[in-house]
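**Q** See data.pdb below, with PDB, C-alpha atoms, pLDDT in the B column.
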```
ATOM      1  CA  MET A   1      21.856  19.855   3.355  1.00 71.00           C
ATOM      2  CA  SER A   2      21.733  16.111   3.744  1.00 94.00           C
ATOM      3  CA  LYS A   3      19.050  13.910   2.219  1.00 97.00           C
ATOM      4  CA  ILE A   4      17.224  11.994   4.938  1.00 98.00           C
ATOM      5  CA  ARG A   5      14.967   8.957   4.674  1.00 98.00           C
ATOM      6  CA  ILE A   6      12.072   8.578   7.065  1.00 98.00           C
ATOM      7  CA  THR A   7       9.792   5.571   7.406  1.00 98.00           C
ATOM      8  CA  LYS A   8       6.280   5.136   8.739  1.00 98.00           C
ATOM      9  CA  GLN A   9       4.683   1.739   9.282  1.00 98.00           C
ATOM     10  CA  PHE A  10       1.033   0.766   8.867  1.00 98.00           C
ATOM     11  CA  ASN A  11      -1.066  -2.332   9.533  1.00 98.00           C
ATOM     12  CA  PHE A  12      -4.277  -3.487   7.881  1.00 98.00           C
ATOM     13  CA  GLU A  13      -6.265  -6.662   7.311  1.00 98.00           C
ATOM     14  CA  THR A  14      -7.209  -7.608   3.762  1.00 98.00           C
ATOM     15  CA  GLY A  15      -8.636 -10.676   2.069  1.00 97.00           C
ATOM     16  CA  HIS A  16      -7.971 -11.769  -1.490  1.00 97.00           C
ATOM     17  CA  ALA A  17      -7.931 -14.730  -3.850  1.00 96.00           C
ATOM     18  CA  LEU A  18      -5.584 -15.459  -6.741  1.00 97.00           C
ATOM     19  CA  TYR A  19      -7.606 -16.657  -9.702  1.00 95.00           C
ATOM     20  CA  GLY A  20      -5.886 -19.393 -11.717  1.00 95.00           C
ATOM     21  CA  TYR A  21      -3.188 -19.960  -9.099  1.00 96.00           C
ATOM     22  CA  ASP A  22      -2.102 -23.598  -8.600  1.00 97.00           C
ATOM     23  CA  GLY A  23      -1.928 -23.524  -4.806  1.00 96.00           C
ATOM     24  CA  LYS A  24      -3.963 -22.750  -1.700  1.00 96.00           C
ATOM     25  CA  CYS A  25      -4.031 -19.020  -2.442  1.00 95.00           C
ATOM     26  CA  LYS A  26      -6.632 -19.640  -5.148  1.00 95.00           C
ATOM     27  CA  ASN A  27      -9.060 -19.761  -2.212  1.00 95.00           C
ATOM     28  CA  VAL A  28     -10.352 -16.623  -0.537  1.00 95.00           C
ATOM     29  CA  HIS A  29      -8.132 -15.911   2.460  1.00 97.00           C
ATOM     30  CA  GLY A  30      -6.712 -12.968   4.353  1.00 97.00           C
ATOM     31  CA  HIS A  31      -3.514 -11.454   5.632  1.00 98.00           C
ATOM     32  CA  SER A  32      -2.444  -9.086   8.382  1.00 98.00           C
ATOM     33  CA  TYR A  33      -0.431  -6.793   6.127  1.00 98.00           C
ATOM     34  CA  LYS A  34       2.385  -4.572   7.376  1.00 98.00           C
ATOM     35  CA  LEU A  35       3.299  -1.690   5.081  1.00 98.00           C
ATOM     36  CA  SER A  36       6.498   0.316   5.554  1.00 98.00           C
ATOM     37  CA  VAL A  37       6.635   3.571   3.604  1.00 98.00           C
ATOM     38  CA  THR A  38      10.009   5.317   3.237  1.00 98.00           C
ATOM     39  CA  VAL A  39      10.329   8.781   1.732  1.00 98.00           C
ATOM     40  CA  ILE A  40      13.436  10.857   1.116  1.00 98.00           C
ATOM     41  CA  GLY A  41      14.046  14.587   1.169  1.00 98.00           C
ATOM     42  CA  GLU A  42      15.893  17.403   2.854  1.00 97.00           C
ATOM     43  CA  PRO A  43      14.800  18.644   6.268  1.00 97.00           C
ATOM     44  CA  ILE A  44      13.175  22.091   6.253  1.00 96.00           C
ATOM     45  CA  THR A  45      15.821  24.687   7.113  1.00 96.00           C
ATOM     46  CA  ASP A  46      13.537  27.684   7.664  1.00 96.00           C
ATOM     47  CA  SER A  47      13.511  28.171  11.447  1.00 96.00           C
ATOM     48  CA  ASN A  48      10.230  30.109  11.148  1.00 98.00           C
ATOM     49  CA  ASN A  49       8.464  27.117   9.612  1.00 97.00           C
ATOM     50  CA  VAL A  50       6.522  25.058  12.157  1.00 97.00           C
ATOM     51  CA  LYS A  51       7.894  21.923  10.416  1.00 96.00           C
ATOM     52  CA  PHE A  52      11.507  23.146  10.883  1.00 97.00           C
ATOM     53  CA  GLY A  53      13.927  20.201  10.868  1.00 96.00           C
ATOM     54  CA  MET A  54      11.423  17.755   9.331  1.00 97.00           C
ATOM     55  CA  VAL A  55      11.569  16.091   5.927  1.00 98.00           C
ATOM     56  CA  ILE A  56       7.796  15.622   6.161  1.00 98.00           C
ATOM     57  CA  ASP A  57       5.624  15.607   9.233  1.00 97.00           C
ATOM     58  CA  PHE A  58       4.905  11.969  10.124  1.00 98.00           C
ATOM     59  CA  SER A  59       1.246  12.946  10.526  1.00 98.00           C
ATOM     60  CA  ASP A  60       1.159  14.286   6.950  1.00 98.00           C
ATOM     61  CA  LEU A  61       2.610  11.035   5.617  1.00 98.00           C
ATOM     62  CA  LYS A  62       0.162   9.092   7.763  1.00 98.00           C
ATOM     63  CA  LYS A  63      -2.770  11.060   6.319  1.00 98.00           C
ATOM     64  CA  ILE A  64      -1.753  10.221   2.738  1.00 98.00           C
ATOM     65  CA  VAL A  65      -1.252   6.508   3.336  1.00 98.00           C
ATOM     66  CA  LYS A  66      -4.275   6.161   5.595  1.00 98.00           C
ATOM     67  CA  GLU A  67      -6.657   7.854   3.146  1.00 98.00           C
ATOM     68  CA  ASP A  68      -5.428   6.163  -0.041  1.00 98.00           C
ATOM     69  CA  ILE A  69      -4.470   2.705   1.228  1.00 98.00           C
ATOM     70  CA  VAL A  70      -5.252   1.737   4.819  1.00 98.00           C
ATOM     71  CA  ASP A  71      -8.814   3.087   4.976  1.00 98.00           C
ATOM     72  CA  VAL A  72      -9.557   1.641   1.526  1.00 98.00           C
ATOM     73  CA  PHE A  73      -8.005  -1.822   1.890  1.00 98.00           C
ATOM     74  CA  ASP A  74      -8.540  -2.523   5.602  1.00 98.00           C
ATOM     75  CA  HIS A  75     -11.102  -5.299   6.081  1.00 98.00           C
ATOM     76  CA  ALA A  76     -11.816  -5.419   2.360  1.00 98.00           C
ATOM     77  CA  THR A  77     -11.605  -8.354  -0.027  1.00 97.00           C
ATOM     78  CA  VAL A  78      -9.656  -7.723  -3.227  1.00 98.00           C
ATOM     79  CA  PHE A  79     -10.360  -9.491  -6.506  1.00 97.00           C
ATOM     80  CA  ASN A  80      -9.061  -9.116 -10.047  1.00 97.00           C
ATOM     81  CA  GLN A  81     -11.952  -7.565 -11.992  1.00 96.00           C
ATOM     82  CA  ASN A  82     -10.975  -9.507 -15.117  1.00 94.00           C
ATOM     83  CA  THR A  83     -11.646 -12.973 -13.677  1.00 93.00           C
ATOM     84  CA  PRO A  84     -14.729 -15.004 -12.775  1.00 94.00           C
ATOM     85  CA  HIS A  85     -14.148 -13.844  -9.180  1.00 92.00           C
ATOM     86  CA  VAL A  86     -16.205 -10.807 -10.198  1.00 93.00           C
ATOM     87  CA  GLU A  87     -19.328 -12.953  -9.707  1.00 94.00           C
ATOM     88  CA  LEU A  88     -18.293 -13.732  -6.130  1.00 94.00           C
ATOM     89  CA  ALA A  89     -17.422 -10.069  -5.618  1.00 95.00           C
ATOM     90  CA  LYS A  90     -20.918  -8.988  -6.682  1.00 95.00           C
ATOM     91  CA  GLU A  91     -22.510 -11.518  -4.345  1.00 96.00           C
ATOM     92  CA  LEU A  92     -20.379 -10.326  -1.422  1.00 96.00           C
ATOM     93  CA  GLN A  93     -21.169  -6.678  -2.221  1.00 96.00           C
ATOM     94  CA  ASN A  94     -24.882  -7.508  -2.331  1.00 97.00           C
ATOM     95  CA  ARG A  95     -24.495  -8.920   1.186  1.00 97.00           C
ATOM     96  CA  GLY A  96     -22.855  -5.719   2.450  1.00 97.00           C
ATOM     97  CA  HIS A  97     -19.200  -6.734   2.254  1.00 97.00           C
ATOM     98  CA  HIS A  98     -16.460  -4.268   1.303  1.00 97.00           C
ATOM     99  CA  VAL A  99     -15.001  -5.508  -1.990  1.00 98.00           C
ATOM    100  CA  ILE A 100     -12.317  -3.896  -4.135  1.00 98.00           C
ATOM    101  CA  LEU A 101     -12.014  -4.838  -7.803  1.00 97.00           C
ATOM    102  CA  VAL A 102      -8.584  -4.152  -9.287  1.00 98.00           C
ATOM    103  CA  ASP A 103      -7.210  -4.564 -12.801  1.00 97.00           C
ATOM    104  CA  TYR A 104      -4.368  -6.824 -11.633  1.00 98.00           C
ATOM    105  CA  GLN A 105      -3.839 -10.150  -9.870  1.00 98.00           C
ATOM    106  CA  PRO A 106      -3.902  -9.056  -6.185  1.00 98.00           C
ATOM    107  CA  THR A 107      -0.497 -10.417  -5.216  1.00 98.00           C
ATOM    108  CA  SER A 108       1.758  -8.545  -2.812  1.00 98.00           C
ATOM    109  CA  GLU A 109       3.978  -7.677  -5.769  1.00 98.00           C
ATOM    110  CA  ASN A 110       1.157  -6.010  -7.699  1.00 98.00           C
ATOM    111  CA  MET A 111      -0.368  -4.404  -4.629  1.00 98.00           C
ATOM    112  CA  VAL A 112       2.935  -2.741  -3.696  1.00 98.00           C
ATOM    113  CA  VAL A 113       3.172  -1.224  -7.212  1.00 98.00           C
ATOM    114  CA  ASP A 114      -0.403   0.060  -6.911  1.00 98.00           C
ATOM    115  CA  PHE A 115       0.377   1.542  -3.492  1.00 98.00           C
ATOM    116  CA  ALA A 116       3.564   3.204  -4.773  1.00 98.00           C
ATOM    117  CA  ASN A 117       1.617   4.938  -7.555  1.00 98.00           C
ATOM    118  CA  LYS A 118      -1.061   6.131  -5.130  1.00 98.00           C
ATOM    119  CA  ILE A 119       1.475   7.525  -2.650  1.00 98.00           C
ATOM    120  CA  MET A 120       3.669   9.212  -5.275  1.00 98.00           C
ATOM    121  CA  ALA A 121       0.629  11.063  -6.626  1.00 98.00           C
ATOM    122  CA  ARG A 122       0.018  12.662  -3.219  1.00 98.00           C
ATOM    123  CA  LEU A 123       3.518  13.508  -1.956  1.00 98.00           C
ATOM    124  CA  PRO A 124       4.701  17.142  -1.968  1.00 96.00           C
ATOM    125  CA  LYS A 125       6.959  17.880  -4.956  1.00 94.00           C
ATOM    126  CA  ASP A 126      10.107  18.128  -2.821  1.00 95.00           C
ATOM    127  CA  ILE A 127       9.584  14.694  -1.226  1.00 98.00           C
ATOM    128  CA  GLN A 128      10.211  11.469  -3.146  1.00 98.00           C
ATOM    129  CA  LEU A 129       8.996   7.981  -2.400  1.00 98.00           C
ATOM    130  CA  HIS A 130      12.114   5.928  -1.729  1.00 98.00           C
ATOM    131  CA  SER A 131      10.688   2.472  -1.031  1.00 98.00           C
ATOM    132  CA  LEU A 132       7.759   0.391   0.126  1.00 98.00           C
ATOM    133  CA  ARG A 133       7.770  -2.942   1.900  1.00 98.00           C
ATOM    134  CA  LEU A 134       4.514  -4.882   2.002  1.00 98.00           C
ATOM    135  CA  GLN A 135       4.745  -7.781   4.417  1.00 98.00           C
ATOM    136  CA  GLU A 136       2.075 -10.430   3.802  1.00 97.00           C
ATOM    137  CA  THR A 137       3.148 -12.968   6.430  1.00 96.00           C
ATOM    138  CA  GLU A 138       5.813 -13.092   9.119  1.00 96.00           C
ATOM    139  CA  SER A 139       8.346 -14.390   6.576  1.00 97.00           C
ATOM    140  CA  SER A 140       7.095 -13.108   3.187  1.00 98.00           C
ATOM    141  CA  PHE A 141       7.140  -9.595   1.747  1.00 98.00           C
ATOM    142  CA  ALA A 142       7.409  -7.623  -1.484  1.00 98.00           C
ATOM    143  CA  GLU A 143       9.530  -4.500  -1.835  1.00 98.00           C
ATOM    144  CA  TRP A 144       9.375  -1.586  -4.267  1.00 98.00           C
ATOM    145  CA  PHE A 145      12.331   0.796  -4.686  1.00 98.00           C
ATOM    146  CA  ALA A 146      12.248   4.016  -6.696  1.00 98.00           C
ATOM    147  CA  SER A 147      15.803   3.362  -7.874  1.00 97.00           C
ATOM    148  CA  ASP A 148      14.636   0.136  -9.539  1.00 98.00           C
ATOM    149  CA  ASN A 149      11.837   1.932 -11.364  1.00 96.00           C
ATOM    150  CA  LEU A 150      13.495   4.904 -13.049  1.00 88.00           C
TER
END
```
Written as structure tokens, how would this file's structure read?
**A**
Amino acid sequence: MSKIRITKQFNFETGHALYGYDGKCKNVHGHSYKLSVTVIGEPITDSNNVKFGMVIDFSDLKKIVKEDIVDVFDHATVFNQNTPHVELAKELQNRGHHVILVDYQPTSENMVVDFANKIMARLPKDIQLHSLRLQETESSFAEWFASDNL
């Protein structure tokens, strides 16, 4: 049977700030992120299986990504927990804002690695994560490929 790649796309709004950065992104700002998730596997060949012909049901992939990424990061502000931004994070949380503290600089590059780890932990054993593309702006994105991370 052939290996097939399928992709599902997601959108979410997230704010962040890059502590210590020498440009405008040191300021709190936000992006309309677009995340493309591509998995690879063999379509189910059992004609009695309700998922016959599918690598993975798009709704099952959506559930994983929505629960672990979109619902968590959408309309949140992300800060590196190891920087003085933690003070701002606490103030925002005290005012009812949704803040996420991570142990990395919240760049698209680091976020896409975090997302890859979260997704891989939830995929069925016969389905592999092939790649992720996290688009931060219309012309800027970070990509993660399994083949680059063996």
**Q** In Å, with one decimal, what is the gap from CA of Arg5 in chain A to CA of Thr38 in chain A?
**A**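 Distance reported for this atom pair: 6.3 Å.
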**Q** Can you turn the PyMOL selection byres ((chain A and resi 69) around 12) into a concrete residue list for this file, as a PyMOL selection string?
**A** chain A and resi 10-14+33-35+37+61-68+70-76+100+111-112+114-119+122+134
**Q** Would you mind telling me which residue in A:Gln135, A:Ser147, A:Thr107, A:Thr77 lies nearest to Ser32 in chain A when using all atoms listed in the file?
**A**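 Looking at the shortest contact to Ser32 in chain A, the residue is A:Gln135.
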**Q** Tell me which protein, DNA and RNA residues are within 12 Å of Thr7 in chain A, counting all atoms listed in the file, leaving out same-chain ones fewer than 4 positions away, and put them as a VMD selection string.
**A** chain A and resid 35 to 41 55 to 59 61 to 62 65 129 to 133
**Q** Hey, which of A:Leu101, A:Glu42, A:Thr137, A:Phe79 ends up closest to Ala17 in chain A? Count only C-alpha atoms.
**A**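 The answer is A:Phe79, which sits nearest to Ala17 in chain A.
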**Q** If you measure from CA of Asn94 in chain A to CA of Lys26 in chain A, what distance in Å do you get, rounded to one decimal?
**A**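 That distance, rounded to one decimal, is 22.1 Å.
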**Q** Considering only C-alpha atoms, return as a PyMOL selection string whatever protein or nucleic-acid residues lie within 12 Å of Cys25 in chain A, sequence-local ones (same chain, fewer than 3 positions apart) excluded.
**A** chain A and resi 15-22+28-31+105-108
**Q** What does the distance from CA of Phe145 in chain A to CA of Met120 in chain A come to in Å, to one decimal?
**A**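 Those two atoms sit 12.1 Å apart.
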